[in-house]
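Source file: my_file_20.cif. Holds: mmCIF, C-alpha atoms.
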data_target
loop_
_atom_site.label_atom_id
_atom_site.label_comp_id
_atom_site.auth_asym_id
_atom_site.auth_seq_id
_atom_site.Cartn_x
_atom_site.Cartn_y
_atom_site.Cartn_z
CA MET A 1 -16.58 -17.65 -13.99
CA LYS A 2 -17.50 -18.56 -10.41
CA LYS A 3 -13.92 -19.65 -9.76
CA ILE A 4 -12.58 -16.31 -11.04
CA PHE A 5 -15.07 -14.37 -8.91
CA SER A 6 -14.19 -16.45 -5.86
CA SER A 7 -10.48 -15.87 -6.48
CA ILE A 8 -11.03 -12.12 -6.66
CA LEU A 9 -12.99 -12.10 -3.41
CA PHE A 10 -10.33 -14.23 -1.73
CA SER A 11 -7.57 -11.87 -2.92
CA LEU A 12 -9.45 -8.85 -1.60
CA PHE A 13 -9.99 -10.61 1.72
CA ILE A 14 -6.31 -11.53 2.07
CA SER A 15 -5.34 -7.98 1.10
CA SER A 16 -7.63 -6.55 3.78
CA LEU A 17 -6.05 -8.78 6.41
CA HIS A 18 -2.66 -7.33 5.67
CA SER A 19 -3.64 -3.67 5.31
CA GLN A 20 -4.80 -2.89 8.81
CA THR A 21 -4.19 0.60 10.14
CA ILE A 22 -0.94 0.72 12.08
CA PRO A 23 -1.68 1.94 15.62
CA VAL A 24 -0.29 5.32 16.67
CA ALA A 25 2.72 5.09 18.97
CA PRO A 26 2.05 5.82 22.65
CA LYS A 27 3.49 8.86 24.40
CA GLN A 28 7.09 8.55 25.54
CA ASP A 29 7.09 7.44 29.20
CA SER A 30 10.79 7.26 30.07
CA LEU A 31 14.19 8.66 29.22
CA ILE A 32 15.62 7.04 26.08
CA ILE A 33 19.33 7.19 25.25
CA LEU A 34 20.74 6.25 21.84
CA MET A 35 24.33 5.17 22.50
CA ASN A 36 27.41 4.82 20.29
CA GLY A 37 25.83 5.83 16.99
CA ILE A 38 27.30 8.08 14.30
CA ALA A 39 25.24 11.25 14.73
CA HIS A 40 24.64 13.51 11.74
CA LEU A 41 23.27 16.62 13.42
CA GLY A 42 21.72 18.23 10.33
CA ASN A 43 23.83 21.39 10.62
CA GLY A 44 26.90 19.99 8.88
CA GLU A 45 28.43 18.49 12.02
CA VAL A 46 29.03 14.81 12.81
CA ILE A 47 29.69 13.09 16.15
CA GLU A 48 31.42 9.78 15.43
CA ASN A 49 30.48 8.14 18.75
CA SER A 50 27.43 9.85 20.13
CA ALA A 51 25.03 9.77 23.05
CA ILE A 52 21.60 11.26 22.39
CA GLY A 53 19.04 11.46 25.18
CA PHE A 54 15.42 12.51 24.97
CA GLU A 55 12.58 12.64 27.46
CA ASN A 56 8.94 13.82 27.28
CA GLY A 57 9.36 14.21 23.52
CA LYS A 58 12.31 16.63 23.75
CA ILE A 59 16.02 16.10 23.19
CA THR A 60 17.79 16.60 26.52
CA PHE A 61 21.39 16.15 25.40
CA VAL A 62 23.55 15.43 22.33
CA ALA A 63 27.15 14.63 23.21
CA ASP A 64 30.23 12.54 22.52
CA ALA A 65 29.64 9.23 24.30
CA ARG A 66 33.32 9.05 25.26
CA THR A 67 33.31 12.32 27.21
CA ILE A 68 29.95 12.31 28.99
CA ARG A 69 28.90 10.63 32.23
CA ILE A 70 25.33 9.33 32.12
CA GLU A 71 23.10 8.12 34.93
CA GLN A 72 21.53 5.09 33.25
CA SER A 73 19.53 3.50 36.05
CA SER A 74 16.12 4.84 34.98
CA ALA A 75 16.80 5.19 31.27
CA LYS A 76 16.06 2.91 28.34
CA ILE A 77 19.41 2.40 26.63
CA ILE A 78 19.48 1.51 22.93
CA ASN A 79 22.93 0.53 21.72
CA ILE A 80 23.25 1.54 18.08
CA TYR A 81 26.98 1.01 17.67
CA GLY A 82 28.02 1.69 14.08
CA LYS A 83 24.54 2.86 13.05
CA HIS A 84 23.80 6.33 11.68
CA VAL A 85 21.51 8.80 13.47
CA TYR A 86 19.77 11.70 11.71
CA PRO A 87 17.07 14.31 12.29
CA GLY A 88 13.73 13.20 10.84
CA LEU A 89 13.48 14.14 7.16
CA ILE A 90 10.99 16.80 6.04
CA ALA A 91 8.97 16.51 2.82
CA CYS A 92 8.00 19.89 1.36
CA ASN A 93 5.30 20.64 -1.21
CA THR A 94 3.47 17.32 -1.14
CA ASP A 95 -0.15 16.17 -1.31
CA LEU A 96 0.58 13.22 0.96
CA GLY A 97 -2.59 12.32 2.83
CA LEU A 98 -4.72 14.15 0.27
CA ASN A 99 -4.30 11.54 -2.48
CA GLU A 100 -4.43 7.78 -2.11
CA ILE A 101 -4.91 6.13 -5.51
CA GLU A 102 -4.26 8.37 -8.51
CA ALA A 103 -6.58 6.38 -10.76
CA ALA A 104 -9.52 6.51 -8.32
CA ARG A 105 -11.23 9.91 -8.21
CA ALA A 106 -12.95 9.16 -4.90
CA THR A 107 -9.55 8.93 -3.17
CA ARG A 108 -8.22 12.24 -4.49
CA ASP A 109 -8.96 15.22 -2.27
CA ALA A 110 -6.23 17.73 -3.16
CA ASN A 111 -8.12 20.05 -5.52
CA GLU A 112 -10.97 22.48 -4.90
CA VAL A 113 -13.34 24.00 -7.44
CA GLY A 114 -12.62 27.62 -8.40
CA ASP A 115 -9.60 29.84 -9.06
CA PHE A 116 -9.16 31.84 -5.85
CA ASN A 117 -9.37 29.64 -2.76
CA PRO A 118 -7.05 31.03 -0.05
CA ASN A 119 -9.57 29.92 2.58
CA ILE A 120 -9.19 26.24 1.66
CA ARG A 121 -7.20 24.46 4.39
CA SER A 122 -5.33 21.31 3.43
CA ILE A 123 -5.12 20.22 7.06
CA ILE A 124 -8.88 19.59 7.20
CA ALA A 125 -8.68 17.07 4.34
CA TYR A 126 -5.52 15.34 5.58
CA ASN A 127 -6.17 11.60 5.95
CA THR A 128 -4.07 10.05 8.72
CA ASP A 129 -5.29 6.56 7.75
CA SER A 130 -3.64 6.72 4.34
CA LYS A 131 -1.76 3.50 3.53
CA VAL A 132 0.85 5.58 1.71
CA ILE A 133 2.01 7.42 4.85
CA PRO A 134 3.64 4.37 6.53
CA THR A 135 5.58 3.57 3.33
CA VAL A 136 7.00 7.10 3.32
CA ARG A 137 7.61 7.16 7.06
CA SER A 138 9.57 3.89 6.99
CA ASN A 139 12.17 5.60 4.80
CA GLY A 140 12.84 8.39 7.28
CA ILE A 141 10.30 11.08 6.36
CA LEU A 142 8.68 12.11 9.65
CA LEU A 143 7.23 15.54 8.77
CA ALA A 144 5.48 16.83 5.65
CA GLN A 145 4.14 20.10 4.29
CA VAL A 146 0.70 19.16 2.96
CA VAL A 147 -0.19 21.46 0.06
CA PRO A 148 -3.53 21.94 -1.76
CA GLN A 149 -3.49 21.80 -5.56
CA GLY A 150 -5.20 23.46 -8.52
CA GLY A 151 -6.65 26.87 -9.31
CA ILE A 152 -4.73 30.13 -9.14
CA ILE A 153 -4.65 30.43 -5.36
CA SER A 154 -4.87 26.82 -4.17
CA GLY A 155 -5.26 27.47 -0.44
CA SER A 156 -3.34 27.15 2.82
CA SER A 157 -0.77 24.47 3.52
CA SER A 158 0.11 22.99 6.90
CA VAL A 159 3.00 20.97 8.29
CA VAL A 160 2.05 17.62 9.83
CA GLN A 161 3.87 14.91 11.75
CA LEU A 162 3.29 11.49 10.20
CA ASP A 163 2.00 9.46 13.15
CA ALA A 164 -1.43 10.55 14.35
CA TRP A 165 -4.99 9.35 14.88
CA ASN A 166 -6.56 12.35 13.15
CA TRP A 167 -5.67 15.67 11.55
CA GLU A 168 -6.01 17.51 14.87
CA ASP A 169 -3.27 15.31 16.37
CA ALA A 170 -1.16 15.49 13.20
CA GLN A 171 -0.85 19.27 12.94
CA TYR A 172 2.67 20.53 13.59
CA LYS A 173 2.36 24.03 12.15
CA THR A 174 -1.05 25.00 10.83
CA ASP A 175 -1.84 27.29 7.88
CA GLU A 176 1.76 28.48 7.53
CA GLY A 177 1.38 29.75 3.97
CA ILE A 178 -0.80 30.50 0.96
CA HIS A 179 -0.01 28.90 -2.41
CA LEU A 180 -0.21 30.86 -5.66
CA ASN A 181 0.30 29.21 -9.06
CA PHE A 182 2.00 32.05 -10.88
CA PRO A 183 0.90 32.57 -14.53
CA SER A 184 3.28 31.52 -17.26
CA PHE A 185 4.53 33.83 -20.00
CA TYR A 186 4.12 30.93 -22.40
CA SER A 187 1.29 28.64 -23.42
CA TYR A 188 1.54 25.05 -24.54
CA HIS A 189 -0.58 23.71 -27.38
CA PHE A 190 -0.84 19.96 -27.89
CA ASN A 191 -2.06 18.25 -31.05
CA GLU A 192 -1.68 15.00 -32.96
CA ASP A 193 1.70 16.13 -34.29
CA GLY A 194 3.09 16.71 -30.81
CA GLY A 195 2.73 20.31 -29.73
CA SER A 196 4.16 23.78 -29.75
CA ILE A 197 5.03 26.61 -27.39
CA GLY A 198 3.75 30.12 -27.91
CA VAL A 199 3.24 33.38 -26.05
CA ASN A 200 0.50 33.32 -23.42
CA GLU A 201 -1.84 36.00 -24.76
CA HIS A 202 -3.84 35.95 -21.53
CA TYR A 203 -0.89 36.67 -19.23
CA THR A 204 -1.69 40.37 -18.74
CA ASP A 205 -5.33 39.63 -17.91
CA GLU A 206 -4.37 36.81 -15.55
CA MET A 207 -1.93 39.05 -13.68
CA GLN A 208 -4.47 41.84 -13.47
CA ASN A 209 -7.02 39.47 -11.92
CA ILE A 210 -4.47 38.38 -9.35
CA ARG A 211 -3.52 41.97 -8.50
CA ASN A 212 -7.17 42.94 -8.18
CA PHE A 213 -7.73 40.09 -5.73
CA PHE A 214 -4.66 40.99 -3.66
CA ASP A 215 -5.59 44.69 -3.65
CA GLU A 216 -9.11 43.91 -2.43
CA ALA A 217 -7.76 41.56 0.22
CA LYS A 218 -5.29 44.18 1.43
CA ALA A 219 -8.01 46.85 1.60
CA TYR A 220 -10.20 44.40 3.53
CA THR A 221 -7.53 43.88 6.19
CA GLN A 222 -7.00 47.63 6.62
CA THR A 223 -10.61 48.68 7.10
CA ALA A 224 -13.49 47.86 9.44
CA HIS A 225 -16.26 45.71 8.00
CA GLU A 226 -19.49 44.14 9.19
CA ASN A 227 -19.60 41.13 6.87
CA VAL A 228 -16.87 38.49 7.07
CA ASN A 229 -15.17 37.48 3.82
CA LEU A 230 -13.53 34.10 4.42
CA LYS A 231 -11.21 34.39 1.42
CA PHE A 232 -9.87 37.78 2.50
CA GLU A 233 -9.64 36.69 6.15
CA ALA A 234 -7.34 33.86 5.07
CA MET A 235 -5.17 36.36 3.18
CA SER A 236 -4.63 38.66 6.18
CA GLY A 237 -1.62 36.68 7.41
CA LEU A 238 0.26 37.52 4.22
CA PHE A 239 0.03 41.26 4.86
CA ASN A 240 1.10 41.16 8.52
CA GLY A 241 3.98 38.72 7.97
CA LYS A 242 2.46 35.78 9.84
CA LYS A 243 2.17 33.69 6.67
CA LYS A 244 4.43 33.14 3.68
CA LEU A 245 3.37 33.36 0.05
CA PHE A 246 4.48 30.20 -1.77
CA LEU A 247 4.86 31.09 -5.44
CA HIS A 248 4.82 28.10 -7.77
CA ALA A 249 6.98 29.05 -10.75
CA ASP A 250 9.67 27.31 -12.82
CA GLY A 251 10.85 29.59 -15.65
CA VAL A 252 13.35 32.37 -15.08
CA LYS A 253 10.89 35.02 -16.30
CA GLU A 254 8.11 33.71 -14.07
CA ILE A 255 10.41 33.45 -11.04
CA THR A 256 11.66 37.02 -11.47
CA ALA A 257 8.15 38.38 -12.01
CA ALA A 258 6.85 36.43 -8.99
CA VAL A 259 9.56 37.83 -6.70
CA LEU A 260 8.84 41.38 -7.84
CA PHE A 261 5.10 40.77 -7.37
CA ALA A 262 5.58 39.64 -3.75
CA LYS A 263 8.01 42.49 -3.10
CA SER A 264 5.42 45.04 -4.28
CA TYR A 265 3.15 43.87 -1.43
CA LYS A 266 6.06 43.52 1.03
CA MET A 267 5.32 39.83 1.55
CA ASN A 268 7.59 37.04 2.70
CA CYS A 269 7.71 34.65 -0.25
CA VAL A 270 9.16 31.29 -1.26
CA ILE A 271 9.60 30.02 -4.81
CA VAL A 272 8.30 26.46 -5.29
CA GLY A 273 9.55 24.43 -8.25
CA GLY A 274 12.24 26.79 -9.49
CA SER A 275 13.78 24.57 -12.16
CA GLU A 276 15.40 27.66 -13.73
CA ALA A 277 16.21 29.35 -10.41
CA TRP A 278 19.90 28.93 -11.22
CA LYS A 279 19.45 31.58 -13.95
CA CYS A 280 18.29 34.32 -11.55
CA THR A 281 20.20 33.66 -8.34
CA ASP A 282 21.11 37.35 -8.06
CA VAL A 283 17.41 38.27 -7.80
CA LEU A 284 16.74 35.56 -5.22
CA VAL A 285 19.73 36.45 -3.04
CA ALA A 286 19.14 40.22 -3.24
CA ASN A 287 15.52 39.81 -2.15
CA HIS A 288 16.20 37.09 0.45
CA VAL A 289 13.87 34.65 -1.29
CA SER A 290 14.10 30.93 -0.49
CA VAL A 291 13.43 28.11 -2.95
CA ILE A 292 11.75 24.74 -2.49
CA LEU A 293 13.47 23.10 -5.43
CA GLY A 294 11.32 20.63 -7.36
CA ARG A 295 12.35 17.10 -8.27
CA ILE A 296 15.79 17.11 -9.90
CA GLN A 297 15.27 13.63 -11.41
CA SER A 298 14.11 15.14 -14.69
CA LEU A 299 15.18 16.11 -18.19
CA PRO A 300 16.74 19.49 -19.02
CA GLY A 301 14.30 22.25 -19.91
CA SER A 302 15.75 22.88 -23.38
CA ASP A 303 17.80 21.05 -26.02
CA ASP A 304 20.94 23.15 -25.57
CA GLU A 305 21.30 22.56 -21.81
CA ASP A 306 23.61 19.98 -20.24
CA TYR A 307 21.97 16.56 -19.95
CA ASP A 308 22.65 16.52 -16.22
CA LEU A 309 21.68 20.14 -15.50
CA PRO A 310 18.72 19.26 -13.22
CA TYR A 311 21.03 17.11 -11.10
CA LYS A 312 23.57 19.95 -10.85
CA THR A 313 21.01 22.65 -9.97
CA PRO A 314 21.40 22.22 -6.17
CA ALA A 315 25.15 22.78 -6.48
CA LEU A 316 24.56 25.90 -8.60
CA LEU A 317 22.15 27.35 -6.04
CA LYS A 318 24.53 26.49 -3.19
CA LYS A 319 27.43 28.20 -4.94
CA ALA A 320 25.34 31.35 -5.49
CA GLY A 321 24.28 31.49 -1.83
CA VAL A 322 20.57 30.81 -2.39
CA ASP A 323 18.62 29.49 0.59
CA PHE A 324 16.88 26.34 -0.66
CA CYS A 325 15.72 22.84 0.16
CA LEU A 326 14.94 19.75 -1.90
CA SER A 327 11.51 18.26 -2.59
CA MET A 328 9.84 15.47 -4.53
CA ASP A 329 6.65 15.57 -6.60
CA GLY A 330 3.36 14.03 -5.54
CA PHE A 331 2.82 11.84 -2.48
CA TRP A 332 4.10 8.25 -2.70
CA GLN A 333 7.28 9.48 -4.41
CA GLN A 334 8.34 11.19 -1.15
CA ARG A 335 9.99 7.95 -0.03
CA ASN A 336 12.83 8.73 -2.46
CA LEU A 337 13.62 12.09 -0.83
CA PRO A 338 16.89 10.94 0.81
CA PHE A 339 18.15 9.55 -2.51
CA LEU A 340 17.42 12.90 -4.14
CA ALA A 341 19.90 14.46 -1.72
CA GLY A 342 22.36 11.67 -2.53
CA GLU A 343 22.19 12.55 -6.22
CA ALA A 344 22.89 16.18 -5.35
CA VAL A 345 26.13 14.99 -3.73
CA ALA A 346 27.11 12.90 -6.75
CA TYR A 347 26.45 15.69 -9.27
CA GLY A 348 27.60 18.69 -7.26
CA ASN A 349 30.46 20.06 -5.25
CA MET A 350 28.93 19.36 -1.85
CA THR A 351 29.41 16.93 1.02
CA PRO A 352 26.78 14.45 2.26
CA GLU A 353 26.36 16.57 5.40
CA GLU A 354 25.55 19.64 3.29
CA ALA A 355 23.07 17.66 1.20
CA LEU A 356 21.43 16.36 4.39
CA MET A 357 20.73 19.96 5.42
CA TYR A 358 18.57 20.42 2.30
CA ILE A 359 16.08 17.81 3.55
CA THR A 360 16.30 18.66 7.26
CA SER A 361 17.45 21.99 8.70
CA ASN A 362 17.04 24.08 5.54
CA ALA A 363 13.54 22.67 4.98
CA ALA A 364 12.65 23.41 8.61
CA HIS A 365 13.93 26.97 8.25
CA ILE A 366 11.91 27.64 5.09
CA LEU A 367 8.75 26.23 6.70
CA GLY A 368 9.29 28.20 9.89
CA ILE A 369 9.66 25.20 12.19
CA ASP A 370 13.42 25.31 12.75
CA ASN A 371 12.96 26.31 16.39
CA THR A 372 11.52 22.84 17.13
CA THR A 373 12.98 20.46 14.54
CA GLY A 374 15.44 20.03 11.65
CA THR A 375 18.58 19.34 13.69
CA LEU A 376 19.64 17.13 16.57
CA ALA A 377 19.98 19.71 19.32
CA GLU A 378 19.06 20.07 22.97
CA GLY A 379 15.56 21.44 23.50
CA LYS A 380 14.21 20.44 20.08
CA ASP A 381 11.56 17.81 19.44
CA ALA A 382 12.92 14.28 19.39
CA ASN A 383 12.26 13.67 15.69
CA ILE A 384 15.01 11.14 15.07
CA ILE A 385 15.77 8.30 12.67
CA VAL A 386 18.40 5.57 12.90
CA SER A 387 19.70 3.75 9.82
CA ASP A 388 21.98 0.76 9.33
CA GLY A 389 23.93 2.80 6.78
CA ASP A 390 24.03 6.09 4.92
CA ILE A 391 20.42 7.21 4.32
CA LEU A 392 21.48 9.08 1.17
CA ASP A 393 22.72 5.82 -0.38
CA MET A 394 20.03 3.49 -1.76
CA LYS A 395 22.27 0.45 -1.15
CA THR A 396 22.81 1.02 2.58
CA ASN A 397 19.71 2.98 3.62
CA ASN A 398 17.69 0.87 6.07
CA ILE A 399 15.73 2.64 8.78
CA ILE A 400 15.64 0.55 11.97
CA TYR A 401 14.34 3.13 14.48
CA ALA A 402 12.21 6.24 14.13
CA PHE A 403 10.95 8.59 16.80
CA ILE A 404 8.44 11.40 16.41
CA GLN A 405 8.39 13.74 19.41
CA GLY A 406 9.99 10.94 21.40
CA ARG A 407 7.44 8.26 20.45
CA GLU A 408 8.94 5.13 18.89
CA ILE A 409 7.20 4.66 15.56
CA ASN A 410 6.07 1.36 14.04
CA LEU A 411 8.03 1.07 10.78
CA ASN A 412 5.83 -1.61 9.28
CA ASN A 413 3.70 -0.93 6.18
CA LYS A 414 1.59 -2.74 3.60
CA GLN A 415 4.48 -3.18 1.19
CA LYS A 416 6.58 -4.90 3.86
CA ASP A 417 3.62 -7.17 4.65
CA LEU A 418 3.31 -8.16 1.00
CA TYR A 419 7.05 -8.76 0.81
CA GLU A 420 6.86 -11.23 3.71
CA ILE A 421 3.77 -12.93 2.26
CA TYR A 422 5.38 -13.58 -1.11
CA LYS A 423 8.68 -14.62 0.47
CA GLU A 424 6.73 -17.35 2.20
CA LYS A 425 4.79 -18.22 -0.96
CA TYR A 426 7.96 -18.80 -2.97
CA GLY A 427 9.98 -20.33 -0.14
CA ILE A 428 12.51 -17.50 0.12
CA LYS A 429 14.41 -17.45 3.40
#
What does the file become when written as structure tokens?
Amino acid sequence: MKKIFSSILFSLFISSLHSQTIPVAPKQDSLIILMNGIAHLGNGEVIENSAIGFENGKITFVADARTIRIEQSSAKIINIYGKHVYPGLIACNTDLGLNEIEAARATRDANEVGDFNPNIRSIIAYNTDSKVIPTVRSNGILLAQVVPQGGIISGSSSVVQLDAWNWEDAQYKTDEGIHLNFPSFYSYHFNEDGGSIGVNEHYTDEMQNIRNFFDEAKAYTQTAHENVNLKFEAMSGLFNGKKKLFLHADGVKEITAAVLFAKSYKMNCVIVGGSEAWKCTDVLVANHVSVILGRIQSLPGSDDEDYDLPYKTPALLKKAGVDFCLSMDGFWQQRNLPFLAGEAVAYGNMTPEEALMYITSNAAHILGIDNTTGTLAEGKDANIIVSDGDILDMKTNNIIYAFIQGREINLNNKQKDLYEIYKEKYGIK
């Protein structure tokens, strides 16, 4: 028994040695030029032999290396001949930094008690010391929309950059939207025989409660008041257009009802999830509603749908002219975001450059940060990744450089540490 206990303590000690917090990268102190790489700009364009310069965290030029004259005396030149350069990937609708270990309640901080919590700010709970963040970052994800979970109105999300000492340093765009879990027309009943689907008899009451809350919040913003209501204060940005309403809905009926609900209040809205968005593209396009499409690595919604329908959904939305981006579920799963775009290429009539837009420029546009990131362009933040091969291909994806606002990021993580440890243990060279 003592030997087992000692072994456990030793394992925990060794684990702690190899799970130190990775230090935050220092501020960029000189001009950096990435030379001779294949630049995928994030807007559908490619420069086969590129020169990309950035200084003080901003991109200063993006050009063909064969046609530009560069003064290199004071610059740090990184020759990336044959490597692929991309804008940093953006993870939408994630609880990264809010959850650490799913099985340990003390490490889960994504949910708040109560149904209507628009005043809850995910940015406050964001944990920059999460060991999950480096594993996601090392696969090219440099920015993330951190979203609260649970309730009817979950709270306010914020966009963070994934290399910071604390949440104040991490914030990229704060409180950009309120998240509403739209009621379903159906209810699911589970029992020992499996389960069944029926009509949600509480739908009318649930919608009335939501409308009452929105009506009270709207009245609050239009009148003078002595006492401050934090919930209604948080809602004010929805009525003046400064915030977006993110409507979490998957079914075609729910999506249509959600769009009409937001339109009745003249709010800018985004559908999150949208697994059946392909069935109501006319409504989405007519009302200029964007979609953060949920994980397409899933089964069809019904027995009579094509087996590969989820994989083809991006192509269907693209063909219909819907503005959308791709997203993964949860937090640690975000590392697979580039491969999600790769599957959209394989199962749809789109090019790799178009698929790249759905995890870079389109995501930035939907989140309202496209003026500073999402593409490789002069004047934008130097959020850049360099890969040995195609980042959409699991076989060739290998991130060798990453820069957030010009700062070169440490791409190490706990999983890489463990890989090296066990390589040594088993004599693998």
Between atom CA of Asn398 of chain A and atom CA of Ile421 of chain A, what is the spacing in Å?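 Rounded to one decimal, the two atoms are 20.0 Å apart.
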Residues matched by the PyMOL selection byres ((chain A and resi 396) around 12), written as a PyMOL selection string: chain A and resi 83-84+139+338-339+342+387-395+397-400
For this file, the PyMOL selection byres ((chain A and resi 369-371) around 10) selects which residues, as a ChimeraX atom specification? /A:159,172-173,176,360-368,372-375,379-381
Minimum-distance residue to Asn99 of chain A, chosen among A:Asp129, A:Glu45, A:Asp303, A:Asp205 (using all atoms listed in the file):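 Of all the options, A:Asp129 lies closest to Asn99 of chain A.
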Would you translate the PyMOL selection byres ((chain A and resi 245-261) around 6) into the concrete set of residues it matches in this file, as a list in words? Gly177, Ile178, His179, Leu180, Asn181, Phe182, Lys244, Ala262, Lys263, Ser264, Cys269, Val270, Ile271, Val272, Gly273, Gly274, Ser275 and Glu276 of chain A
Produce a file of the selected residues containing C-alpha atoms, as an mmCIF file, in the coordinates of the input.
data_model
loop_
_atom_site.group_PDB
_atom_site.id
_atom_site.type_symbol
_atom_site.label_atom_id
_atom_site.label_comp_id
_atom_site.auth_asym_id
_atom_site.auth_seq_id
_atom_site.Cartn_x
_atom_site.Cartn_y
_atom_site.Cartn_z
ATOM 1 C CA GLY A 177 1.380 29.750 3.970
ATOM 2 C CA ILE A 178 -0.800 30.500 0.960
ATOM 3 C CA HIS A 179 -0.010 28.900 -2.410
ATOM 4 C CA LEU A 180 -0.210 30.860 -5.660
ATOM 5 C CA ASN A 181 0.300 29.210 -9.060
ATOM 6 C CA PHE A 182 2.000 32.050 -10.880
ATOM 7 C CA LYS A 244 4.430 33.140 3.680
ATOM 8 C CA ALA A 262 5.580 39.640 -3.750
ATOM 9 C CA LYS A 263 8.010 42.490 -3.100
ATOM 10 C CA SER A 264 5.420 45.040 -4.280
ATOM 11 C CA CYS A 269 7.710 34.650 -0.250
ATOM 12 C CA VAL A 270 9.160 31.290 -1.260
ATOM 13 C CA ILE A 271 9.600 30.020 -4.810
ATOM 14 C CA VAL A 272 8.300 26.460 -5.290
ATOM 15 C CA GLY A 273 9.550 24.430 -8.250
ATOM 16 C CA GLY A 274 12.240 26.790 -9.490
ATOM 17 C CA SER A 275 13.780 24.570 -12.160
ATOM 18 C CA GLU A 276 15.400 27.660 -13.730
#
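Every protein or nucleic acid residue with an atom no more than 7 Å from Pro118 of chain A, counting all atoms listed in the file and leaving out same-chain residues fewer than 6 positions away, appears here: Ile153, Ser154, Gly155, Ser156, Ile178, Lys231, Ala234 and Met235 of chain A.
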Might you pull out every residue within 9 Å of segment 90-96 of chain A, with all atoms listed in the file counted and same-chain residues fewer than 3 positions away left off, and present them as a VMD selection string? chain A and resid 99 to 100 109 to 110 122 126 to 127 130 132 to 133 140 to 149 157 159 272 292 294 325 to 332 334 337 359 to 361 363 to 364 367 374
Every residue with an atom at most 7 Å from (21.0, 20.2, 0.1) (file coordinates; all atoms listed in the file) is what I'm after, so could you write them as a list in words? Pro314, Cys325, Leu326, Ala341, Glu354, Ala355, Leu356, Met357, Tyr358 and Ile359 of chain A
Atom CA of Asn268 of chain A to atom CA of Gly241 of chain A, distance in Å rounded to a single decimal: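 Separating atom CA of Asn268 of chain A from atom CA of Gly241 of chain A is a distance of 6.6 Å.
For the choices A:Ile210, A:Ala217, A:Ala164, A:Leu293, the atom-to-atom distance to Lys27 of chain A is smallest for A:Ala164 when using all atoms listed in the file.
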Tell me, in Å to one decimal, how far atom CA of Gln333 of chain A is from atom CA of Lys131 of chain A.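 Here the two named atoms are 13.4 Å from each other.
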Do you know which residues lie at most 7 Å from (3.4, 1.1, 15.2), with coordinates as in the file and only C-alpha atoms counted, and could you write them as a VMD selection string? chain A and resid 22 to 25 409 to 412
Fewer than 4 positions away in the same chain doesn't count, so skip those; otherwise give me all residues within 9 Å of Gln171 of chain A, counting only C-alpha atoms, as a list in words.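 The neighbour list is Ile123, Ser158, Val159, Val160, Gln161, Ala164, Asn166 and Trp167 of chain A.
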Would you mind exporting C-alpha atoms of the selected residues as a PDB file, in the coordinates of the input?
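Done, and the output landed in selection.pdb:
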ATOM      1  CA  ILE A 123      -5.120  20.220   7.060  1.00  0.00           C
ATOM      2  CA  SER A 158       0.110  22.990   6.900  1.00  0.00           C
ATOM      3  CA  VAL A 159       3.000  20.970   8.290  1.00  0.00           C
ATOM      4  CA  VAL A 160       2.050  17.620   9.830  1.00  0.00           C
ATOM      5  CA  GLN A 161       3.870  14.910  11.750  1.00  0.00           C
ATOM      6  CA  ALA A 164      -1.430  10.550  14.350  1.00  0.00           C
ATOM      7  CA  ASN A 166      -6.560  12.350  13.150  1.00  0.00           C
ATOM      8  CA  TRP A 167      -5.670  15.670  11.550  1.00  0.00           C
TER       9      TRP A 167
END
Using all atoms listed in the file, which protein or nucleic acid residues come within 9 Å of Ile52 of chain A? Drop anything in the same chain fewer than 5 positions from it, and give the result as a ChimeraX atom specification. /A:32-37,39,59-65,376
Just the residues within 10 Å of Met207 of chain A, please, counting all atoms listed in the file, with nothing from its chain fewer than 3 positions along; format it as a PyMOL selection string. chain A and resi 182-184+202-204+210-213+261
So which one's closest to Lys319 of chain A, A:Val85, A:Ile78, A:Met350, A:Val345? Using only C-alpha atoms, please.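 Once distances to Lys319 of chain A are computed over only C-alpha atoms, the minimum belongs to A:Met350.
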Need a file for segment 32-38 of chain A from that block: N, CA and C atoms, written as a PDB file, in the first residue's frame.
ATOM      1  N   ILE A  32       9.970  42.361 -37.986  1.00  0.00           N
ATOM      2  CA  ILE A  32      10.114  40.960 -38.365  1.00  0.00           C
ATOM      3  C   ILE A  32       9.582  40.784 -39.787  1.00  0.00           C
ATOM      4  N   ILE A  33      10.333  40.071 -40.603  1.00  0.00           N
ATOM      5  CA  ILE A  33       9.903  39.816 -41.982  1.00  0.00           C
ATOM      6  C   ILE A  33       9.905  38.306 -42.229  1.00  0.00           C
ATOM      7  N   LEU A  34       8.748  37.775 -42.620  1.00  0.00           N
ATOM      8  CA  LEU A  34       8.625  36.378 -43.011  1.00  0.00           C
ATOM      9  C   LEU A  34       8.829  36.303 -44.517  1.00  0.00           C
ATOM     10  N   MET A  35       9.892  35.649 -44.952  1.00  0.00           N
ATOM     11  CA  MET A  35      10.273  35.653 -46.361  1.00  0.00           C
ATOM     12  C   MET A  35      10.047  34.303 -47.030  1.00  0.00           C
ATOM     13  N   ASN A  36       9.547  34.376 -48.269  1.00  0.00           N
ATOM     14  CA  ASN A  36       9.494  33.237 -49.194  1.00  0.00           C
ATOM     15  C   ASN A  36       8.472  32.166 -48.825  1.00  0.00           C
ATOM     16  N   GLY A  37       7.498  32.505 -47.995  1.00  0.00           N
ATOM     17  CA  GLY A  37       6.451  31.558 -47.665  1.00  0.00           C
ATOM     18  C   GLY A  37       5.281  31.649 -48.633  1.00  0.00           C
ATOM     19  N   ILE A  38       4.427  30.630 -48.592  1.00  0.00           N
ATOM     20  CA  ILE A  38       3.197  30.629 -49.392  1.00  0.00           C
ATOM     21  C   ILE A  38       2.112  31.254 -48.523  1.00  0.00           C
TER      22      ILE A  38
END
